[in-house]
file target_38.txt (compact mmCIF, C-alpha atoms)
# COMPACT_ATOMS: atom_id res chain seq x y z
CA MET A 260 -5.68 -22.88 -233.18
CA ALA A 261 -6.27 -23.27 -229.44
CA SER A 262 -8.88 -21.00 -227.92
CA PRO A 263 -7.79 -18.69 -225.09
CA PRO A 264 -8.46 -20.01 -221.60
CA GLY A 265 -11.70 -19.01 -219.95
CA PHE A 266 -12.13 -17.28 -216.60
CA ALA A 267 -11.76 -20.54 -214.64
CA GLY A 268 -8.59 -21.42 -216.50
CA ARG A 269 -7.07 -17.99 -215.89
CA LEU A 270 -8.00 -18.20 -212.21
CA LEU A 271 -6.39 -21.62 -211.80
CA ALA A 272 -3.28 -20.34 -213.56
CA ARG A 273 -2.99 -17.55 -210.99
CA ILE A 274 -3.13 -19.88 -207.98
CA PRO A 275 0.39 -20.45 -206.58
CA TRP A 276 0.11 -24.18 -206.00
CA PHE A 277 3.70 -24.69 -204.89
CA THR A 278 3.37 -21.89 -202.34
CA LEU A 279 0.18 -23.37 -200.90
CA ILE A 280 1.59 -26.91 -200.77
CA ILE A 281 4.84 -25.84 -199.07
CA SER A 282 2.88 -23.72 -196.59
CA ALA A 283 0.75 -26.74 -195.69
CA VAL A 284 3.88 -28.88 -195.34
CA LEU A 285 5.47 -26.34 -192.97
CA VAL A 286 2.35 -26.24 -190.80
CA ALA A 287 2.13 -30.05 -190.72
CA ARG A 288 5.83 -30.28 -189.88
CA PHE A 289 5.43 -27.89 -186.96
CA MET A 290 2.49 -29.88 -185.63
CA ALA A 291 4.68 -32.98 -185.84
CA GLU A 292 7.38 -31.19 -183.82
CA LEU A 293 4.88 -30.47 -181.05
CA ARG A 294 3.56 -34.03 -181.01
CA ALA A 295 7.06 -35.52 -180.89
CA ALA A 296 8.52 -33.01 -178.39
CA THR A 297 10.50 -34.44 -175.49
CA ASP A 298 11.46 -30.97 -174.26
CA ARG A 299 10.00 -27.51 -174.81
CA MET A 300 11.12 -23.93 -174.38
CA GLY A 301 7.47 -22.90 -174.07
CA THR A 302 4.03 -24.47 -174.28
CA TYR A 303 4.11 -24.43 -178.09
CA SER A 304 7.85 -24.08 -178.65
CA PRO A 305 9.92 -27.26 -179.13
CA GLY A 306 13.14 -27.38 -177.14
CA HIS A 307 16.76 -27.95 -178.06
CA PHE A 308 16.71 -31.76 -178.08
CA THR A 309 13.43 -31.98 -179.98
CA LEU A 310 14.69 -29.66 -182.71
CA LEU A 311 17.98 -31.54 -182.88
CA ALA A 312 16.12 -34.85 -183.19
CA MET A 313 13.76 -33.49 -185.85
CA GLY A 314 16.65 -32.31 -188.04
CA ALA A 315 17.91 -28.87 -186.95
CA SER A 316 21.39 -28.06 -188.25
CA ASP A 317 24.60 -26.86 -186.66
CA ARG A 318 28.27 -27.25 -187.56
CA VAL A 319 28.93 -29.84 -184.86
CA GLN A 320 26.39 -32.21 -186.38
CA VAL A 321 26.75 -31.39 -190.08
CA VAL A 322 30.55 -31.24 -190.24
CA GLY A 323 31.63 -33.07 -187.11
CA GLN A 324 29.16 -35.96 -187.37
CA GLY A 325 28.74 -35.95 -191.16
CA GLU A 326 24.97 -35.45 -190.92
CA TRP A 327 24.65 -33.59 -194.23
CA TRP A 328 20.91 -34.20 -194.38
CA ARG A 329 20.34 -31.54 -191.71
CA LEU A 330 21.02 -28.87 -194.36
CA PHE A 331 17.70 -29.94 -195.91
CA THR A 332 15.55 -30.99 -192.96
CA ALA A 333 16.30 -27.82 -190.95
CA THR A 334 14.53 -25.69 -193.56
CA THR A 335 11.19 -27.34 -192.74
CA LEU A 336 11.35 -26.76 -188.97
CA HIS A 337 10.31 -23.78 -186.85
CA GLY A 338 11.02 -22.90 -183.25
CA SER A 339 7.71 -21.31 -182.28
CA PRO A 340 4.27 -20.33 -183.64
CA ASP A 341 5.49 -16.74 -184.09
CA HIS A 342 8.44 -17.98 -186.14
CA LEU A 343 6.18 -20.09 -188.35
CA ILE A 344 3.41 -17.51 -188.81
CA GLY A 345 5.87 -14.74 -189.66
CA ASN A 346 7.46 -16.87 -192.35
CA LEU A 347 4.14 -18.06 -193.75
CA VAL A 348 2.65 -14.58 -194.09
CA THR A 349 5.69 -13.35 -196.01
CA PHE A 350 5.89 -16.48 -198.14
CA LEU A 351 2.22 -16.39 -199.12
CA ILE A 352 2.45 -12.74 -200.20
CA VAL A 353 5.56 -13.43 -202.28
CA GLY A 354 4.07 -16.62 -203.71
CA PHE A 355 0.95 -14.93 -204.99
CA LEU A 356 3.04 -12.23 -206.67
CA LEU A 357 5.97 -14.24 -208.07
CA GLU A 358 4.95 -17.84 -208.68
CA PRO A 359 2.34 -17.09 -211.40
CA MET A 360 4.89 -14.82 -213.07
CA VAL A 361 7.81 -17.27 -213.29
CA GLY A 362 5.94 -20.59 -213.16
CA ILE A 363 5.92 -23.32 -210.56
CA GLY A 364 9.19 -24.90 -211.73
CA TRP A 365 11.38 -21.81 -211.48
CA PHE A 366 9.71 -20.67 -208.27
CA ALA A 367 10.38 -24.07 -206.67
CA ALA A 368 13.98 -23.98 -207.93
CA ILE A 369 14.50 -20.54 -206.36
CA TYR A 370 12.93 -21.65 -203.07
CA PHE A 371 14.95 -24.86 -202.66
CA THR A 372 18.22 -23.28 -203.84
CA GLY A 373 17.81 -20.44 -201.36
CA GLY A 374 16.94 -22.79 -198.51
CA PHE A 375 20.06 -24.85 -199.10
CA ALA A 376 22.32 -21.81 -199.52
CA GLY A 377 20.97 -20.28 -196.31
CA ALA A 378 21.53 -23.52 -194.38
CA VAL A 379 25.10 -23.81 -195.68
CA LEU A 380 26.05 -20.22 -194.81
CA SER A 381 24.41 -20.52 -191.40
CA THR A 382 26.35 -23.71 -190.68
CA MET A 383 29.62 -22.16 -191.81
CA LEU A 384 29.38 -18.82 -189.99
CA ASN A 385 27.28 -19.42 -186.88
CA ALA A 386 28.71 -20.74 -183.61
CA PRO A 387 29.49 -24.47 -183.94
CA ASP A 388 26.67 -25.57 -181.62
CA ALA A 389 24.11 -22.90 -182.56
CA LEU A 390 21.03 -24.71 -183.87
CA SER A 391 19.45 -23.30 -187.02
CA VAL A 392 15.86 -23.96 -188.10
CA GLY A 393 13.36 -22.31 -190.38
CA ALA A 394 12.38 -21.68 -193.97
CA SER A 395 13.71 -18.12 -193.78
CA GLY A 396 16.62 -18.74 -196.15
CA ALA A 397 14.30 -20.14 -198.80
CA ILE A 398 11.80 -17.30 -198.32
CA MET A 399 14.58 -14.72 -198.49
CA ALA A 400 15.57 -16.20 -201.85
CA THR A 401 12.05 -15.69 -203.18
CA LEU A 402 12.04 -12.11 -201.84
CA ALA A 403 15.36 -11.34 -203.55
CA ALA A 404 14.02 -12.88 -206.76
CA LEU A 405 10.82 -10.84 -206.43
CA PHE A 406 12.84 -7.63 -206.26
CA THR A 407 15.19 -8.60 -209.10
CA LEU A 408 12.47 -9.79 -211.48
CA SER A 409 10.34 -6.70 -210.81
CA PHE A 410 12.63 -5.01 -213.37
CA HIS A 411 11.42 -7.28 -216.17
CA ALA A 412 9.20 -5.49 -218.65
CA GLY A 413 6.47 -8.09 -218.14
CA ALA A 414 6.33 -7.76 -214.35
CA PRO A 415 2.63 -7.39 -213.49
CA ARG A 416 2.99 -5.02 -210.51
CA PRO A 417 6.63 -3.88 -210.37
CA ASN A 418 6.19 -1.15 -207.75
CA LEU A 419 4.26 -3.46 -205.43
CA MET A 420 6.85 -6.20 -205.94
CA ARG A 421 9.66 -3.83 -204.96
CA ARG A 422 7.82 -2.50 -201.91
CA VAL A 423 7.07 -6.00 -200.64
CA ALA A 424 10.62 -7.20 -201.27
CA GLY A 425 12.33 -4.12 -199.85
CA GLY A 426 10.07 -3.96 -196.81
CA SER A 427 10.98 -7.53 -195.86
CA LEU A 428 14.55 -7.91 -197.10
CA PHE A 429 16.28 -5.09 -195.29
CA PRO A 430 14.85 -5.73 -191.78
CA ALA A 431 15.56 -9.46 -192.16
CA LEU A 432 19.25 -8.75 -192.81
CA MET A 433 19.62 -6.77 -189.58
CA PRO A 434 20.75 -8.62 -186.42
CA ALA A 435 17.87 -8.87 -183.95
CA VAL A 436 16.60 -10.76 -180.93
CA ALA A 437 13.26 -12.45 -181.60
CA HIS A 438 10.41 -12.89 -179.12
CA GLY A 439 11.45 -15.36 -176.44
CA GLY A 440 15.14 -14.47 -176.66
CA SER A 441 16.12 -16.43 -179.78
CA ILE A 442 18.59 -14.75 -182.12
CA THR A 443 17.58 -14.08 -185.72
CA ASP A 444 19.74 -16.21 -188.03
CA VAL A 445 21.06 -13.42 -190.24
CA ASN A 446 23.52 -15.75 -191.96
CA ALA A 447 20.71 -17.99 -193.19
CA HIS A 448 18.85 -14.93 -194.44
CA LEU A 449 21.95 -13.62 -196.20
CA GLY A 450 22.71 -16.96 -197.85
CA GLY A 451 19.18 -17.30 -199.17
CA CYS A 452 19.13 -13.69 -200.35
CA MET A 453 22.37 -14.05 -202.31
CA ALA A 454 21.28 -17.31 -203.92
CA GLY A 455 17.86 -15.95 -204.88
CA ALA A 456 19.28 -12.73 -206.30
CA ALA A 457 21.93 -14.57 -208.31
CA LEU A 458 19.48 -17.06 -209.81
CA ALA A 459 16.91 -14.35 -210.54
CA PHE A 460 19.54 -12.17 -212.21
CA ILE A 461 20.44 -15.02 -214.57
CA LEU A 462 16.75 -15.51 -215.35
CA LEU A 463 16.31 -11.77 -215.95
CA ILE A 464 19.11 -11.82 -218.51
CA ALA A 465 17.70 -14.91 -220.24
CA TRP A 466 14.11 -13.62 -220.30
CA ASN A 467 13.39 -11.61 -223.43
CA ASP A 468 11.17 -8.63 -222.68
CA GLU A 469 8.89 -9.60 -225.56
CA GLU A 470 8.23 -13.10 -224.21
CA ASP A 471 5.24 -13.68 -221.94
CA HIS A 472 6.70 -16.72 -220.21
CA LEU A 473 10.08 -17.39 -218.66
CA PRO A 474 12.06 -19.79 -220.90
CA GLY A 475 13.64 -23.05 -219.80
CA ARG A 476 10.71 -24.44 -217.88
CA SER A 477 11.84 -28.01 -218.53
CA ILE A 478 15.22 -27.10 -217.01
CA ALA A 479 13.40 -25.59 -214.03
CA ALA A 480 11.34 -28.74 -213.57
CA THR A 481 14.53 -30.83 -213.62
CA VAL A 482 16.29 -28.62 -211.08
CA ALA A 483 13.26 -28.55 -208.80
CA GLY A 484 12.86 -32.31 -209.15
CA CYS A 485 16.49 -32.84 -208.09
CA TRP A 486 15.93 -30.70 -204.98
CA VAL A 487 12.79 -32.67 -204.12
CA ALA A 488 14.71 -35.93 -204.49
CA LEU A 489 17.46 -34.64 -202.20
CA MET A 490 14.88 -33.52 -199.63
CA ALA A 491 13.20 -36.92 -199.72
CA THR A 492 16.55 -38.67 -199.26
CA ALA A 493 17.43 -36.38 -196.35
CA PHE A 494 14.17 -37.15 -194.57
CA ALA A 495 14.61 -40.87 -195.13
CA VAL A 496 18.07 -40.77 -193.56
CA SER A 497 17.11 -38.48 -190.68
CA GLY A 498 14.47 -40.84 -189.32
CA ASN A 499 17.13 -43.24 -188.09
CA THR A 500 18.53 -40.78 -185.52
CA TYR A 501 15.40 -39.41 -183.84
CA VAL A 502 15.52 -41.52 -180.66
CA GLN A 503 19.26 -40.93 -180.27
CA TYR A 504 18.82 -37.16 -179.99
CA ALA A 505 15.29 -36.85 -178.58
CA LYS A 506 15.88 -38.86 -175.42
CA GLY A 507 18.08 -36.10 -173.97
CA GLY A 508 15.05 -33.86 -173.72
CA MET A 509 13.48 -36.13 -171.12
CA ASP A 510 16.16 -35.06 -168.63
CA TYR A 511 14.80 -31.52 -168.38
CA ILE A 512 11.86 -29.90 -166.61
CA PRO A 513 8.94 -29.29 -169.00
CA PRO A 514 7.45 -25.76 -168.94
CA GLU A 515 4.25 -26.82 -167.16
CA GLN A 516 6.27 -28.22 -164.23
CA MET A 517 8.50 -25.19 -163.78
CA PRO A 518 7.90 -23.45 -160.42
CA HIS A 519 6.52 -19.95 -160.95
CA ASP A 520 6.47 -18.66 -157.37
CA VAL A 521 7.96 -19.33 -153.93
CA GLU A 522 5.09 -21.58 -152.86
CA SER A 523 5.43 -23.91 -155.85
CA MET A 524 9.19 -23.90 -155.35
CA LYS A 525 8.73 -25.01 -151.73
CA ALA A 526 6.47 -27.84 -152.80
CA ASP A 527 8.44 -29.00 -155.85
CA SER A 528 12.13 -28.21 -155.45
CA LEU A 529 13.27 -31.51 -153.89
CA GLY A 530 11.03 -33.55 -156.17
CA LEU A 531 12.41 -31.75 -159.23
CA VAL A 532 15.99 -32.61 -158.27
CA ASP A 533 15.03 -36.27 -157.80
CA LYS A 534 13.09 -36.42 -161.06
CA PHE A 535 15.42 -34.29 -163.21
CA PRO A 536 18.92 -34.67 -161.71
CA LYS A 537 20.59 -33.53 -164.96
CA ASP A 538 18.64 -30.27 -165.15
CA PRO A 539 20.74 -27.48 -163.59
CA ARG A 540 17.60 -25.40 -163.00
CA ALA A 541 16.24 -28.04 -160.62
CA HIS A 542 19.39 -27.77 -158.48
CA MET A 543 19.22 -23.99 -158.56
CA PHE A 544 15.56 -24.00 -157.47
CA ARG A 545 16.40 -26.36 -154.59
CA GLY A 546 19.28 -24.14 -153.53
CA LEU A 547 17.07 -21.06 -153.72
CA TYR A 548 14.42 -22.72 -151.54
CA LEU A 549 17.04 -23.68 -148.94
CA LEU A 550 18.46 -20.15 -149.04
CA GLU A 551 14.96 -18.78 -148.43
CA GLN A 552 14.81 -21.04 -145.35
CA ASN A 553 18.21 -19.69 -144.17
CA HIS A 554 19.84 -23.10 -144.68
CA VAL A 555 22.84 -21.44 -146.32
CA VAL A 556 25.35 -24.27 -145.91
CA ASP A 557 22.88 -26.78 -147.39
CA ALA A 558 22.09 -24.47 -150.30
CA GLU A 559 25.69 -24.03 -151.46
CA PRO A 560 26.23 -27.50 -153.04
CA TYR A 561 23.01 -27.16 -155.05
CA PHE A 562 24.19 -23.86 -156.57
CA ARG A 563 27.57 -25.42 -157.33
CA ASP A 564 25.86 -28.40 -159.02
CA ALA A 565 23.75 -25.98 -161.03
CA ALA A 566 26.87 -24.13 -162.19
CA ARG A 567 28.63 -27.39 -163.11
CA LEU A 568 25.68 -28.84 -165.03
CA GLY A 569 24.75 -25.50 -166.57
CA ALA A 570 28.14 -25.09 -168.23
CA THR A 571 27.15 -27.65 -170.88
CA SER A 572 23.36 -27.56 -170.68
CA PRO A 573 21.28 -26.03 -173.49
CA VAL A 574 18.48 -25.08 -171.06
CA MET A 575 20.66 -23.00 -168.72
CA THR A 576 20.33 -19.57 -170.28
CA THR A 577 22.80 -16.77 -169.62
CA GLU A 578 20.25 -15.15 -167.28
CA PHE A 579 19.93 -18.35 -165.23
CA GLN A 580 23.70 -18.84 -165.15
CA ASN A 581 24.32 -15.30 -163.91
CA TRP A 582 21.58 -15.51 -161.29
CA ASN A 583 22.90 -18.85 -160.05
CA LEU A 584 26.42 -17.42 -159.66
CA ALA A 585 25.02 -14.43 -157.79
CA LEU A 586 23.12 -16.78 -155.46
CA LEU A 587 26.22 -18.90 -154.91
CA SER A 588 28.24 -15.80 -154.08
CA LEU A 589 25.54 -14.76 -151.61
CA THR A 590 25.76 -18.09 -149.74
CA LEU A 591 29.54 -17.70 -149.53
CA ARG A 592 29.22 -14.10 -148.36
CA VAL A 593 26.86 -15.13 -145.55
CA GLN A 594 29.40 -17.75 -144.54
CA ARG A 595 32.08 -14.99 -144.43
CA ARG A 596 34.03 -16.54 -147.29
CA ASP A 597 34.48 -13.17 -148.97
CA ASP A 598 37.48 -13.99 -151.17
CA GLU A 599 35.67 -16.92 -152.81
CA SER A 600 32.57 -14.81 -153.22
CA ARG A 601 34.49 -11.95 -154.90
CA ASN A 602 36.14 -14.35 -157.36
CA ILE A 603 32.74 -15.64 -158.45
CA VAL A 604 31.00 -12.27 -158.87
CA GLY A 605 33.97 -10.49 -160.44
CA PRO A 606 32.85 -11.04 -164.06
CA LEU A 607 29.27 -10.09 -163.16
CA CYS A 608 30.31 -6.88 -161.42
CA ALA A 609 32.39 -5.90 -164.45
CA ASN A 610 29.30 -5.50 -166.64
CA PRO A 611 26.22 -4.88 -164.48
CA ALA A 612 24.24 -3.34 -167.34
CA ALA A 613 24.10 -6.74 -169.04
CA LEU A 614 22.51 -8.44 -166.02
CA ASP A 615 18.81 -9.02 -165.50
CA LEU A 616 16.89 -7.56 -162.55
CA ARG A 617 17.00 -10.72 -160.39
CA THR A 618 20.78 -10.98 -160.66
CA ARG A 619 21.30 -7.27 -159.91
CA GLN A 620 19.06 -7.49 -156.86
CA THR A 621 20.93 -10.55 -155.56
CA LEU A 622 24.28 -8.84 -156.08
CA SER A 623 23.07 -5.82 -154.16
CA PHE A 624 22.65 -8.06 -151.10
CA THR A 625 26.26 -9.24 -151.34
CA LYS A 626 27.57 -5.63 -151.54
CA LEU A 627 30.60 -7.02 -153.34
CA CYS A 628 30.18 -4.97 -156.52
CA SER A 629 30.17 -1.57 -154.78

call {"tool": "encode", "arguments": {"input": "target_38.txt", "output": "structure tokens"}}
result
Amino acid sequence: MASPPGFAGRLLARIPWFTLIISAVLVARFMAELRAATDRMGTYSPGHFTLLAMGASDRVQVVGQGEWWRLFTATTLHGSPDHLIGNLVTFLIVGFLLEPMVGIGWFAAIYFTGGFAGAVLSTMLNAPDALSVGASGAIMATLAALFTLSFHAGAPRPNLMRRVAGGSLFPALMPAVAHGGSITDVNAHLGGCMAGAALAFILLIAWNDEEDHLPGRSIAATVAGCWVALMATAFAVSGNTYVQYAKGGMDYIPPEQMPHDVESMKADSLGLVDKFPKDPRAHMFRGLYLLEQNHVVDAEPYFRDAARLGATSPVMTTEFQNWNLALLSLTLRVQRRDDESRNIVGPLCANPAALDLRTRQTLSFTKLCS
């Protein structure tokens, strides 16, 4: 008869190895994003083209281009340190509570199933070109499983499990704008939650209250192994497309070269247009500088170029687009081309509450919205 495990054995059994390994992989993956970045939204935030090159998913690429592998690679990427840290904190808490309870195989199966389900639902329901990244779908699956399996008779801390799950699940399913303006991918969260809850409910039914361990661990190992094989295949395929997508990021102004005041704009605006002719912000900055110098006629074509390029540019945010249109309307107003100016600012005047301060101030100079 085997002797019961000693203290060291019990301690090792409580360590959530899968959770720790995946957490390390996510950190390493984010560091790789920063090293490989050709564009950035912030100092430590990879930009659109970098994320696309590293394996972010959207319907245009997954369905339109047949790049199925993005449904797997996107779950290992993060858009910012805040995004990564928030996911890691939640995942580590869940991992220490749930993984020792269900075993590494079932926990891994729940994680990978939820990640895939979240990526699929996000791809199906989000805007066609809306990039999705993050392990949130997978983590939501583990949270849903934590809540569901807290009702098993052998759950070690059922009340704590429910508080942790409930405190994270419900806020994550509410639409929100994250720090930096990115939109929380509720569809990915919902897909992961549904997958995790469904799988955990099946396990709850199969798990006899009198049994200490969840049955079917060999099945769990097989399922988890299949997911790992699919992930490995996805990464192998994705490496062939990095240069194709990453090179677009070199056409845009990096954060450290963005002008932050009038003086830097005076010094850099012409150089930015020459160096980054495809970046609509460079044209807008040049137009703004010329407008500051009262060269209204010269400024107009730069604002028009910014509007044309910005219509299809991922770096031209709604705030920049609105401000650029307001500036263009101002140049036309100064030139006494009031009809053209009114046509441009009409949509902006219709919803002034949605405009940022810079745009509202520029419109006040035109006096076309009053």

call {"tool": "closest_residue", "arguments": {"input": "target_38.txt", "among": "A:Ala505, A:Ile281, A:Met383, A:Leu607", "to": "Thr334 of chain A", "atoms": "only C-alpha atoms"}}
result
A:Ile281

call {"tool": "residues_around", "arguments": {"input": "target_38.txt", "residues": "Thr618 of chain A", "least_positions_apart": "5", "cutoff": "8 Å", "atoms": "all atoms listed in the file", "output": "number ranges by chain"}}
result
A: 578, 581-582, 585

call {"tool": "residues_around", "arguments": {"input": "target_38.txt", "residues": "Ala404 of chain A", "least_positions_apart": "2", "cutoff": "9 Å", "atoms": "only C-alpha atoms", "output": "ChimeraX atom specification"}}
result
/A:357,369,399-402,406-409,424,452,454-460

call {"tool": "atom_distance", "arguments": {"input": "target_38.txt", "atom1": "atom CA of Ala565 of chain A", "atom2": "atom CA of Leu293 of chain A"}}
result
27.9 Å

call {"tool": "residues_near_point", "arguments": {"input": "target_38.txt", "point": "(6.1, -23.6, -212.9)", "cutoff": "12 Å", "atoms": "all atoms listed in the file", "output": "ChimeraX atom specification"}}
result
/A:272-278,354,357-369,472-484

call {"tool": "write_last_selection", "arguments": {"input": "target_38.txt", "atoms": "C-alpha atoms", "output": "PDB file, keeping the file's coordinate frame"}}
result
ATOM      1  CA  ALA A 272      -3.280 -20.340-213.560  1.00  0.00           C
ATOM      2  CA  ARG A 273      -2.990 -17.550-210.990  1.00  0.00           C
ATOM      3  CA  ILE A 274      -3.130 -19.880-207.980  1.00  0.00           C
ATOM      4  CA  PRO A 275       0.390 -20.450-206.580  1.00  0.00           C
ATOM      5  CA  TRP A 276       0.110 -24.180-206.000  1.00  0.00           C
ATOM      6  CA  PHE A 277       3.700 -24.690-204.890  1.00  0.00           C
ATOM      7  CA  THR A 278       3.370 -21.890-202.340  1.00  0.00           C
ATOM      8  CA  GLY A 354       4.070 -16.620-203.710  1.00  0.00           C
ATOM      9  CA  LEU A 357       5.970 -14.240-208.070  1.00  0.00           C
ATOM     10  CA  GLU A 358       4.950 -17.840-208.680  1.00  0.00           C
ATOM     11  CA  PRO A 359       2.340 -17.090-211.400  1.00  0.00           C
ATOM     12  CA  MET A 360       4.890 -14.820-213.070  1.00  0.00           C
ATOM     13  CA  VAL A 361       7.810 -17.270-213.290  1.00  0.00           C
ATOM     14  CA  GLY A 362       5.940 -20.590-213.160  1.00  0.00           C
ATOM     15  CA  ILE A 363       5.920 -23.320-210.560  1.00  0.00           C
ATOM     16  CA  GLY A 364       9.190 -24.900-211.730  1.00  0.00           C
ATOM     17  CA  TRP A 365      11.380 -21.810-211.480  1.00  0.00           C
ATOM     18  CA  PHE A 366       9.710 -20.670-208.270  1.00  0.00           C
ATOM     19  CA  ALA A 367      10.380 -24.070-206.670  1.00  0.00           C
ATOM     20  CA  ALA A 368      13.980 -23.980-207.930  1.00  0.00           C
ATOM     21  CA  ILE A 369      14.500 -20.540-206.360  1.00  0.00           C
ATOM     22  CA  HIS A 472       6.700 -16.720-220.210  1.00  0.00           C
ATOM     23  CA  LEU A 473      10.080 -17.390-218.660  1.00  0.00           C
ATOM     24  CA  PRO A 474      12.060 -19.790-220.900  1.00  0.00           C
ATOM     25  CA  GLY A 475      13.640 -23.050-219.800  1.00  0.00           C
ATOM     26  CA  ARG A 476      10.710 -24.440-217.880  1.00  0.00           C
ATOM     27  CA  SER A 477      11.840 -28.010-218.530  1.00  0.00           C
ATOM     28  CA  ILE A 478      15.220 -27.100-217.010  1.00  0.00           C
ATOM     29  CA  ALA A 479      13.400 -25.590-214.030  1.00  0.00           C
ATOM     30  CA  ALA A 480      11.340 -28.740-213.570  1.00  0.00           C
ATOM     31  CA  THR A 481      14.530 -30.830-213.620  1.00  0.00           C
ATOM     32  CA  VAL A 482      16.290 -28.620-211.080  1.00  0.00           C
ATOM     33  CA  ALA A 483      13.260 -28.550-208.800  1.00  0.00           C
ATOM     34  CA  GLY A 484      12.860 -32.310-209.150  1.00  0.00           C
TER      35      GLY A 484
END
